[in-house]
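A.B. asks: Structure file coords.csv (CSV, C-alpha atoms) right here:
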chain,number,residue,atom,x,y,z
S,779,MET,CA,81.3,113.0,81.3
S,780,ASP,CA,81.9,112.2,85.0
S,781,LEU,CA,81.1,108.8,86.3
S,782,ASN,CA,77.9,108.6,88.4
S,783,ASP,CA,77.7,106.3,91.4
S,784,ARG,CA,76.0,103.6,89.4
S,785,LYS,CA,78.7,103.5,86.7
S,786,LYS,CA,81.4,103.5,89.3
S,787,LEU,CA,79.8,100.4,91.0
S,788,ILE,CA,79.5,98.6,87.7
S,789,LEU,CA,83.1,99.5,86.6
S,790,GLN,CA,84.4,98.3,90.0
S,791,ALA,CA,82.5,95.1,89.8
S,792,ILE,CA,83.7,94.4,86.2
S,793,ILE,CA,87.4,95.0,87.1
S,794,ASP,CA,87.1,92.9,90.3
S,795,GLU,CA,85.6,90.1,88.3
S,796,TYR,CA,88.1,90.3,85.5
S,797,ILE,CA,91.1,90.4,87.9
S,798,GLY,CA,89.9,87.0,89.2
S,799,SER,CA,88.7,85.3,86.0
S,800,ALA,CA,90.8,86.8,83.1
S,801,GLU,CA,87.7,86.3,81.0
S,802,PRO,CA,85.6,89.1,79.5
S,803,VAL,CA,82.8,90.1,81.9
S,804,GLY,CA,79.2,90.2,80.7
S,805,SER,CA,76.2,92.0,82.3
S,806,ARG,CA,74.7,88.7,83.5
S,807,ALA,CA,77.8,87.9,85.6
S,808,VAL,CA,77.8,91.3,87.1
S,809,SER,CA,74.1,91.1,87.9
S,810,LYS,CA,74.4,87.6,89.5
S,811,LYS,CA,77.6,87.9,91.5
S,812,HIS,CA,77.7,91.5,92.8
S,813,GLU,CA,74.2,92.2,94.1
S,814,LEU,CA,73.9,95.7,92.7
S,815,GLY,CA,70.1,95.7,92.6
S,816,LEU,CA,70.2,96.3,88.9
S,817,SER,CA,68.8,94.3,86.0
S,818,SER,CA,71.0,92.8,83.3
S,819,ALA,CA,69.5,95.2,80.8
S,820,THR,CA,70.4,98.3,82.9
S,821,ILE,CA,73.9,97.0,83.5
S,822,ARG,CA,74.3,96.2,79.8
S,823,ASN,CA,73.4,99.8,78.9
S,824,GLU,CA,75.8,101.2,81.5
S,825,MET,CA,78.6,99.0,80.2
S,826,ALA,CA,78.0,100.4,76.7
S,827,ASP,CA,78.3,103.9,78.1
S,828,LEU,CA,81.5,103.0,80.0
S,829,GLU,CA,82.9,101.6,76.7
S,830,ASP,CA,82.0,104.8,74.9
S,831,MET,CA,83.8,106.8,77.7
S,832,GLY,CA,86.9,104.7,77.2
S,833,TYR,CA,86.9,102.7,80.5
S,834,LEU,CA,86.0,99.3,79.0
S,835,ILE,CA,86.8,97.4,75.8
S,836,GLN,CA,84.8,94.7,74.0
S,837,PRO,CA,87.4,92.4,72.5
S,838,HIS,CA,84.9,90.5,70.4
S,839,THR,CA,81.3,91.4,69.3
S,840,SER,CA,79.8,88.5,71.2
S,841,ALA,CA,82.0,88.8,74.2
S,842,GLY,CA,81.7,90.7,77.5
S,843,ARG,CA,83.9,93.7,78.3
S,844,ILE,CA,87.4,94.0,79.8
S,845,PRO,CA,89.0,97.1,81.4
S,846,SER,CA,91.0,99.5,79.3
S,847,ASP,CA,94.1,101.2,80.7
S,848,ALA,CA,91.9,104.2,81.6
S,849,GLY,CA,89.6,101.9,83.4
S,850,TYR,CA,92.4,100.4,85.5
S,851,ARG,CA,93.7,103.8,86.2
S,852,PHE,CA,90.3,105.1,87.5
S,853,TYR,CA,90.0,101.9,89.5
S,854,VAL,CA,93.4,102.3,91.2
S,855,ASN,CA,92.9,106.0,91.8
S,856,SER,CA,89.2,106.0,93.0
S,857,LEU,CA,87.6,102.6,93.3
S,858,MET,CA,90.0,100.1,94.8
S,859,LYS,CA,89.0,98.6,98.1
S,860,LYS,CA,91.5,98.5,101.0
S,861,TYR,CA,93.2,95.1,101.3
S,862,ARG,CA,94.0,93.9,104.9
S,863,ILE,CA,96.9,91.7,105.6
S,864,GLY,CA,96.4,89.4,108.5
S,865,LEU,CA,98.3,89.9,111.8
S,866,GLU,CA,99.8,86.4,111.6
S,867,THR,CA,101.2,87.2,108.1
S,868,ILE,CA,102.6,90.5,109.3
S,869,GLU,CA,104.3,88.9,112.3
S,870,ARG,CA,105.8,86.1,110.1
S,871,LEU,CA,107.1,88.7,107.6
S,872,ARG,CA,108.8,90.6,110.4
S,873,GLN,CA,110.5,87.5,111.7
S,874,GLU,CA,111.6,86.6,108.2
S,875,LEU,CA,113.1,90.0,107.6
S,876,GLU,CA,114.9,90.2,110.9
S,877,GLY,CA,116.3,86.6,110.9
S,878,ARG,CA,120.0,86.1,110.0
S,879,LEU,CA,120.4,89.4,108.2
S,880,VAL,CA,123.8,91.0,108.6
S,881,THR,CA,124.1,93.3,105.6
S,882,LEU,CA,121.9,95.8,103.9
S,883,ASP,CA,121.9,94.0,100.5
S,884,LYS,CA,120.7,90.8,102.1
S,885,ALA,CA,117.9,92.7,103.8
S,886,VAL,CA,116.9,94.3,100.5
S,887,LYS,CA,117.0,90.9,98.6
S,888,LYS,CA,114.9,89.3,101.4
S,889,ALA,CA,112.4,92.1,101.1
S,890,GLY,CA,112.0,91.4,97.4
S,891,PHE,CA,111.6,87.7,98.0
S,892,LEU,CA,108.9,88.4,100.6
S,893,ALA,CA,107.1,90.8,98.3
S,894,SER,CA,107.0,88.0,95.6
S,895,VAL,CA,105.5,85.6,98.2
S,896,LEU,CA,102.8,88.0,99.4
S,897,THR,CA,101.8,89.1,95.9
S,898,ASP,CA,102.6,86.0,93.8
S,899,TYR,CA,104.0,88.3,91.1
S,900,THR,CA,107.5,89.1,89.9
S,901,THR,CA,109.3,91.6,92.1
S,902,VAL,CA,112.2,93.9,91.3
S,903,VAL,CA,114.3,95.6,93.9
S,904,SER,CA,116.9,98.4,93.3
S,905,ALA,CA,119.6,98.9,95.9
S,906,PRO,CA,122.6,101.2,96.2
S,907,ALA,CA,125.7,99.9,94.6
S,908,ALA,CA,128.0,98.3,97.2
S,909,GLU,CA,131.0,100.5,96.2
S,910,LYS,CA,131.2,104.0,94.7
S,911,ALA,CA,133.5,104.4,91.8
S,912,GLU,CA,136.4,106.9,92.1
S,913,LEU,CA,138.0,108.8,89.3
S,914,LYS,CA,141.7,107.7,89.3
S,915,LYS,CA,143.2,109.6,86.3
S,916,ILE,CA,142.4,111.8,83.3
S,917,ASP,CA,144.6,112.0,80.2
S,918,LEU,CA,144.3,114.0,77.1
S,919,VAL,CA,146.3,112.8,74.1
S,920,PRO,CA,146.4,114.6,70.7
S,921,VAL,CA,145.9,112.1,67.9
S,922,SER,CA,145.8,114.6,65.0
S,923,SER,CA,146.1,118.3,64.5
S,924,GLU,CA,142.4,118.7,65.3
S,925,THR,CA,141.5,115.8,67.5
S,926,VAL,CA,142.2,114.8,71.1
S,927,MET,CA,141.5,111.6,72.8
S,928,LEU,CA,140.1,111.8,76.4
S,929,ILE,CA,141.0,108.9,78.6
S,930,ILE,CA,139.2,108.3,81.9
S,931,VAL,CA,140.4,105.7,84.4
S,932,THR,CA,138.1,104.5,87.1
S,933,ARG,CA,137.8,100.8,87.8
S,934,THR,CA,137.8,100.5,84.0
S,935,VAL,CA,139.3,102.6,81.3
S,936,LYS,CA,137.1,104.6,78.8
S,937,ASN,CA,138.1,106.9,76.0
S,938,ARG,CA,136.4,109.3,73.6
S,939,LEU,CA,137.6,111.5,70.7
S,940,VAL,CA,136.7,115.2,70.7
S,941,ASN,CA,137.5,118.0,68.2
S,942,ALA,CA,140.2,120.2,69.7
S,943,LYS,CA,143.4,121.8,68.5
S,944,LEU,CA,145.8,121.1,71.4
S,945,SER,CA,149.5,120.4,71.6
S,946,PHE,CA,151.0,117.6,73.8
S,947,GLU,CA,152.2,120.3,76.2
S,948,GLU,CA,148.7,121.9,76.4
S,949,CYS,CA,147.1,118.5,77.0
S,950,GLU,CA,149.6,117.7,79.8
S,951,LYS,CA,148.8,121.0,81.5
S,952,ILE,CA,145.0,120.6,81.3
S,953,ALA,CA,145.3,117.0,82.5
S,954,ALA,CA,147.5,118.1,85.5
S,955,VAL,CA,144.8,120.6,86.6
S,956,LEU,CA,142.0,118.1,86.2
S,957,ASN,CA,143.8,115.4,88.1
S,958,SER,CA,144.8,117.7,90.9
S,959,ARG,CA,141.1,118.7,91.4
S,960,LEU,CA,139.3,115.4,90.5
S,961,ARG,CA,141.5,112.5,91.3
S,962,GLY,CA,140.0,110.3,94.0
S,963,LYS,CA,136.6,111.9,93.8
S,964,THR,CA,133.3,110.0,93.4
S,965,ALA,CA,130.3,111.4,91.5
S,966,ASP,CA,128.8,112.8,94.8
S,967,GLU,CA,132.0,114.6,95.5
S,968,ILE,CA,132.2,116.4,92.1
S,969,THR,CA,130.4,119.6,93.2
S,970,TYR,CA,129.5,122.8,91.5
S,971,ASP,CA,132.2,124.7,93.4
S,972,ILE,CA,134.9,122.3,92.2
S,973,ILE,CA,133.7,122.5,88.6
S,974,ARG,CA,133.7,126.3,88.9
S,975,ASP,CA,137.2,126.4,90.2
S,976,ILE,CA,138.4,124.1,87.4
S,977,GLU,CA,136.6,126.3,84.9
S,978,THR,CA,138.3,129.4,86.2
S,979,GLU,CA,141.8,127.9,86.2
S,980,LEU,CA,141.5,126.3,82.8
S,981,CYS,CA,139.6,129.0,80.9
S,982,GLU,CA,141.3,132.0,82.3
S,983,LYS,CA,144.8,130.8,83.0
S,984,LEU,CA,145.3,128.3,80.2
S,985,SER,CA,142.7,129.7,77.7
S,986,VAL,CA,140.9,126.4,77.3
S,987,GLU,CA,137.7,126.6,75.2
S,988,PRO,CA,134.6,126.2,77.4
S,989,LYS,CA,133.2,123.7,74.9
S,990,LEU,CA,136.1,121.4,75.4
S,991,LEU,CA,135.9,121.7,79.1
S,992,ILE,CA,132.3,120.8,79.0
S,993,HIS,CA,133.2,117.7,77.0
S,994,VAL,CA,135.9,116.6,79.4
S,995,LEU,CA,133.9,117.2,82.6
S,996,HIS,CA,130.7,115.5,81.2
S,997,PHE,CA,132.7,112.5,80.1
S,998,ALA,CA,134.5,112.2,83.5
S,999,TYR,CA,131.2,112.4,85.4
S,1000,GLU,CA,129.6,109.9,83.1
S,1001,ALA,CA,132.4,107.5,83.5
S,1002,VAL,CA,132.1,107.6,87.3
S,1003,THR,CA,128.3,107.5,87.6
S,1004,GLU,CA,128.1,104.6,85.0
S,1005,LEU,CA,129.8,102.3,87.6
S,1006,GLU,CA,127.5,103.5,90.3
S,1007,ASP,CA,124.4,102.0,88.8
S,1008,THR,CA,122.0,100.5,91.4
S,1009,GLU,CA,122.1,96.8,92.0
S,1010,ILE,CA,119.0,95.0,90.7
S,1011,TYR,CA,117.5,91.9,92.3
S,1012,VAL,CA,114.7,89.9,90.6
S,1013,GLU,CA,112.4,87.4,92.3
S,1014,ASN,CA,109.8,85.0,91.0
S,1015,ALA,CA,110.1,85.8,87.3
S,1016,LYS,CA,108.6,82.5,86.5
S,1017,SER,CA,105.3,83.6,88.0
S,1018,ILE,CA,104.5,85.3,84.7
S,1019,LEU,CA,103.8,81.8,83.2
S,1020,LYS,CA,100.9,81.3,85.6
S,1021,TYR,CA,98.8,84.0,83.9
S,1022,PRO,CA,96.8,83.5,80.7
S,1023,GLU,CA,98.2,86.6,79.2
S,1024,TYR,CA,101.5,84.9,78.8
S,1025,ARG,CA,100.4,81.4,77.5
S,1026,ASP,CA,101.7,82.4,74.1
S,1027,VAL,CA,105.2,80.9,73.9
S,1028,GLU,CA,106.7,83.8,71.9
S,1029,LYS,CA,105.2,86.4,74.2
S,1030,ALA,CA,106.5,84.6,77.3
S,1031,ARG,CA,110.0,84.3,75.7
S,1032,GLU,CA,110.0,88.1,75.1
S,1033,ILE,CA,109.0,89.1,78.6
S,1034,PHE,CA,111.5,86.6,80.1
S,1035,GLY,CA,114.2,88.1,77.9
S,1036,PHE,CA,113.3,91.6,79.1
S,1037,LEU,CA,113.3,90.6,82.8
S,1038,ASP,CA,116.6,88.8,82.4
S,1039,ASP,CA,118.4,92.0,81.3
S,1040,LYS,CA,119.1,94.1,84.4
S,1041,SER,CA,119.8,97.2,82.3
S,1042,ASN,CA,116.2,97.1,81.1
S,1043,LEU,CA,115.0,96.8,84.7
S,1044,ARG,CA,117.3,99.7,85.9
S,1045,GLN,CA,115.8,101.9,83.3
S,1046,LEU,CA,112.2,100.8,84.0
S,1047,ILE,CA,112.7,101.5,87.7
S,1048,ALA,CA,114.4,104.8,87.1
S,1049,GLU,CA,111.5,106.0,84.9
S,1050,THR,CA,109.1,105.8,87.8
S,1051,GLY,CA,110.7,108.9,89.2
S,1052,GLU,CA,111.0,110.0,92.8
S,1053,SER,CA,107.3,110.2,93.8
S,1054,GLU,CA,106.5,109.5,97.4
S,1055,GLY,CA,104.2,106.6,98.4
S,1056,ILE,CA,103.1,103.8,96.2
S,1057,SER,CA,102.7,104.5,92.5
S,1058,ALA,CA,101.5,102.4,89.6
S,1059,ARG,CA,102.3,102.5,85.9
S,1060,ILE,CA,99.6,100.7,84.0
S,1061,GLY,CA,99.9,99.2,80.5
S,1062,GLY,CA,100.6,101.9,78.0
S,1063,GLU,CA,102.0,104.2,80.8
S,1064,ASN,CA,105.1,102.1,80.6
S,1065,ASP,CA,107.6,103.0,77.8
S,1066,PRO,CA,109.0,99.6,76.8
S,1067,GLU,CA,106.6,98.0,74.2
S,1068,ILE,CA,107.0,94.6,76.0
S,1069,MET,CA,105.5,96.2,79.1
S,1070,LYS,CA,102.3,97.5,77.4
S,1071,ASP,CA,100.4,94.5,78.7
S,1072,CYS,CA,101.9,94.7,82.2
S,1073,SER,CA,101.6,97.0,85.2
S,1074,LEU,CA,104.5,98.1,87.5
S,1075,VAL,CA,103.7,99.1,91.1
S,1076,THR,CA,106.6,100.6,93.0
S,1077,VAL,CA,107.4,102.1,96.4
S,1078,ASN,CA,110.6,103.8,97.8
S,1079,TYR,CA,112.4,102.5,100.8
S,1080,SER,CA,114.5,104.8,102.9
S,1081,LEU,CA,117.7,105.0,105.0
S,1082,ASP,CA,118.0,108.0,107.4
S,1083,GLY,CA,114.9,109.5,105.9
S,1084,LYS,CA,116.4,109.5,102.4
S,1085,ALA,CA,115.0,107.2,99.6
S,1086,VAL,CA,117.8,104.8,98.7
S,1087,GLY,CA,116.0,102.3,96.5
S,1088,LYS,CA,112.7,101.0,95.1
S,1089,LEU,CA,110.7,97.8,95.6
S,1090,GLY,CA,108.6,97.0,92.6
S,1091,VAL,CA,106.0,94.4,91.5
S,1092,ILE,CA,105.5,93.5,87.8
S,1093,GLY,CA,102.4,91.6,86.7
S,1094,PRO,CA,99.6,91.5,84.2
S,1095,LYS,CA,97.4,94.6,83.9
S,1096,ARG,CA,94.7,92.8,85.7
S,1097,MET,CA,96.9,92.2,88.8
S,1098,ASP,CA,95.3,92.3,92.2
S,1099,TYR,CA,96.2,96.0,92.8
S,1100,ALA,CA,94.7,96.1,96.3
S,1101,ARG,CA,96.8,93.2,97.5
S,1102,VAL,CA,99.9,94.5,95.8
S,1103,PHE,CA,99.5,98.0,97.3
S,1104,ALA,CA,98.9,96.7,100.8
S,1105,SER,CA,101.9,94.3,100.5
S,1106,LEU,CA,104.3,97.0,99.3
S,1107,ASP,CA,103.1,99.4,102.0
S,1108,LEU,CA,103.8,96.8,104.7
S,1109,ILE,CA,107.2,95.7,103.4
S,1110,SER,CA,108.4,99.2,102.7
S,1111,HIS,CA,107.6,100.3,106.2
S,1112,GLU,CA,109.3,97.2,107.6
S,1113,ILE,CA,112.4,97.6,105.5
S,1114,ASP,CA,112.6,101.3,106.5
S,1115,ARG,CA,112.5,100.2,110.1
S,1116,LEU,CA,115.1,97.5,109.6
S,1117,LEU,CA,117.5,99.8,107.6
S,1118,GLY,CA,117.1,102.2,110.5
S,1119,LEU,CA,118.7,99.5,112.7
S,1120,PHE,CA,121.6,99.2,110.2
S,1121,SER,CA,122.1,102.9,110.4
S,1122,ASP,CA,122.0,103.0,114.2
S,1123,GLY,CA,124.4,100.2,114.3
Could you render the structure as structure tokens?
C.D. replies:
Amino acid sequence: MDLNDRKKLILQAIIDEYIGSAEPVGSRAVSKKHELGLSSATIRNEMADLEDMGYLIQPHTSAGRIPSDAGYRFYVNSLMKKYRIGLETIERLRQELEGRLVTLDKAVKKAGFLASVLTDYTTVVSAPAAEKAELKKIDLVPVSSETVMLIIVTRTVKNRLVNAKLSFEECEKIAAVLNSRLRGKTADEITYDIIRDIETELCEKLSVEPKLLIHVLHFAYEAVTELEDTEIYVENAKSILKYPEYRDVEKAREIFGFLDDKSNLRQLIAETGESEGISARIGGENDPEIMKDCSLVTVNYSLDGKAVGKLGVIGPKRMDYARVFASLDLISHEIDRLLGLFSDG
């Protein structure tokens, strides 16, 4: 069943009310505060319909309703009013961003801080790693008649055992080819053409099994890219404690633990994909169980027209989406402009 205009108005009023109060919303509150020209009885009936349709939840029999994940999703997609940020705030933000910034990472960290100030929620910023890892050396060492150890040297040393019947001499020849082609290369520089040339030389000239070659090349690429993880900056994590949803000590401890682990945040940001514009993952749309009561709103920022990182806001599902969307839109445009100055320089 599609929502008619009256149901849309009531759903919008309930979510707006709940965002501000964090208390279940009853028909009387909607009737009094939102001037819809409808009686409490009519609103109550419509709320019951919205609950049946999956947009509202009644947490207790005697309580009012709260939005479901589907309700928030419909609100964000179709009902949310445009939030306007004042000109004075915009000018102050520009001055803050431009003042005393000499490196890209400082600009990005500053953007995260300003987003937390504007929204009053936790912000997470991903940024390109300061240094790309290079592949320095590959070794293959037979450790038994049917097992070979792969050793990959970058800024660290990694090893892995694979099933292969190779002599010391064969291992040395394979390693020599791999090192001649891959030494000094970053992940971006390991192209399909290079891999194809390696495959031709090893499989045709040295009769290396394709399966072994796949193992070696995958491990080498993995070792290099693992060190190229994005930097993660977190601002205002303590803001979580301001919201009733996290008054439970154990729940607060768990979310703090999650936010304190940057690998969690890297994965969370990565899972938002490469969509353009501002996107929101609401409640159950997030994979980690700890995030089921949270929403994550993200936007890309760009350098030379290419997305290089994300700016994200984490808060309770009843976050002020309109303000968050407007803040991220403003900051992402300003950081794009500022990074353009870095590029020009």
A.B. asks: Applying 10 Å and all atoms listed in the file, which residues near region 933-937 of chain S remain after dropping the ones on its own chain fewer than 3 positions away? List them as a PyMOL selection string.
C.D. replies: chain S and resi 911-918+927-930+940+997-998+1001-1002+1005
A.B. asks: Considering only C-alpha atoms, return as a PyMOL selection string whatever protein or nucleic-acid residues lie within 10 Å of Glu979 (chain S), sequence-local ones (same chain, fewer than 5 positions apart) excluded.
C.D. replies: chain S and resi 952+955-956+974+984-986
A.B. asks: Can you work out which one of S:Ser958, S:Leu1108, S:Glu967, S:Tyr850 has the shortest atom-to-atom distance to Leu865 (chain S), counting only C-alpha atoms?
C.D. replies: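 Using only C-alpha atoms, the shortest distance to Leu865 (chain S) belongs to S:Leu1108.
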A.B. asks: Can you tell me which residues surround region 807-817 of chain S at a distance of at most 12 Å, considering only C-alpha atoms, apart from same-chain residues fewer than 4 positions away, and format the answer as a ChimeraX atom specification?
C.D. replies: /S:783-796,799,801-803,821-825,842-843
A.B. asks: Which residues are near region 1084-1098 of chain S? Cut-off 7 Å, all atoms listed in the file, ignore same chain within fewer than 5 positions. Put them as a PyMOL selection string.
C.D. replies: chain S and resi 797+890+899-906+1018+1060-1061+1071-1079
A.B. asks: Write out the residues from the selection above, keeping C-alpha atoms, as an mmCIF file, in the coordinates of the input.
C.D. replies:
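The resulting file, part31.cif, is shown below:
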data_model
loop_
_atom_site.group_PDB
_atom_site.id
_atom_site.type_symbol
_atom_site.label_atom_id
_atom_site.label_comp_id
_atom_site.auth_asym_id
_atom_site.auth_seq_id
_atom_site.Cartn_x
_atom_site.Cartn_y
_atom_site.Cartn_z
ATOM 1 C CA ILE S 797 91.100 90.400 87.900
ATOM 2 C CA GLY S 890 112.000 91.400 97.400
ATOM 3 C CA TYR S 899 104.000 88.300 91.100
ATOM 4 C CA THR S 900 107.500 89.100 89.900
ATOM 5 C CA THR S 901 109.300 91.600 92.100
ATOM 6 C CA VAL S 902 112.200 93.900 91.300
ATOM 7 C CA VAL S 903 114.300 95.600 93.900
ATOM 8 C CA SER S 904 116.900 98.400 93.300
ATOM 9 C CA ALA S 905 119.600 98.900 95.900
ATOM 10 C CA PRO S 906 122.600 101.200 96.200
ATOM 11 C CA ILE S 1018 104.500 85.300 84.700
ATOM 12 C CA ILE S 1060 99.600 100.700 84.000
ATOM 13 C CA GLY S 1061 99.900 99.200 80.500
ATOM 14 C CA ASP S 1071 100.400 94.500 78.700
ATOM 15 C CA CYS S 1072 101.900 94.700 82.200
ATOM 16 C CA SER S 1073 101.600 97.000 85.200
ATOM 17 C CA LEU S 1074 104.500 98.100 87.500
ATOM 18 C CA VAL S 1075 103.700 99.100 91.100
ATOM 19 C CA THR S 1076 106.600 100.600 93.000
ATOM 20 C CA VAL S 1077 107.400 102.100 96.400
ATOM 21 C CA ASN S 1078 110.600 103.800 97.800
ATOM 22 C CA TYR S 1079 112.400 102.500 100.800
#
A.B. asks: Please measure the separation of CA of Leu1037 (chain S) and CA of Ala800 (chain S), giving the value in Å to one decimal.
C.D. replies: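 Interatomic distance here is 22.8 Å.
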A.B. asks: Of the candidates S:Ala942, S:Ile968, S:Ile976, S:Ile1033, which one gets nearest to Ala954 (chain S) if we count only C-alpha atoms?
C.D. replies: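 For Ala954 (chain S), the nearest of the candidates is S:Ile976.
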A.B. asks: Could you write out as JSON the box around region 788-806 of chain S (axis-aligned, all atoms listed in the file, 4 Å on each side), with centre and edge lengths in Å to one decimal?
C.D. replies:
{"center_x": 82.9, "center_y": 92.4, "center_z": 84.9, "size_x": 24.4, "size_y": 22.2, "size_z": 18.8}
A.B. asks: Any idea what the distance is between CA of Gly962 (chain S) and CA of Leu991 (chain S)?
C.D. replies: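 Distance reported for this atom pair: 19.2 Å.
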A.B. asks: Of the candidates S:Ser1057, S:Tyr833, S:Glu1013, S:Thr820, which shows the shortest atom-to-atom distance to Asp1038 (chain S), using only C-alpha atoms?
C.D. replies: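 Answer, going by the shortest atom-to-atom distance: S:Glu1013.
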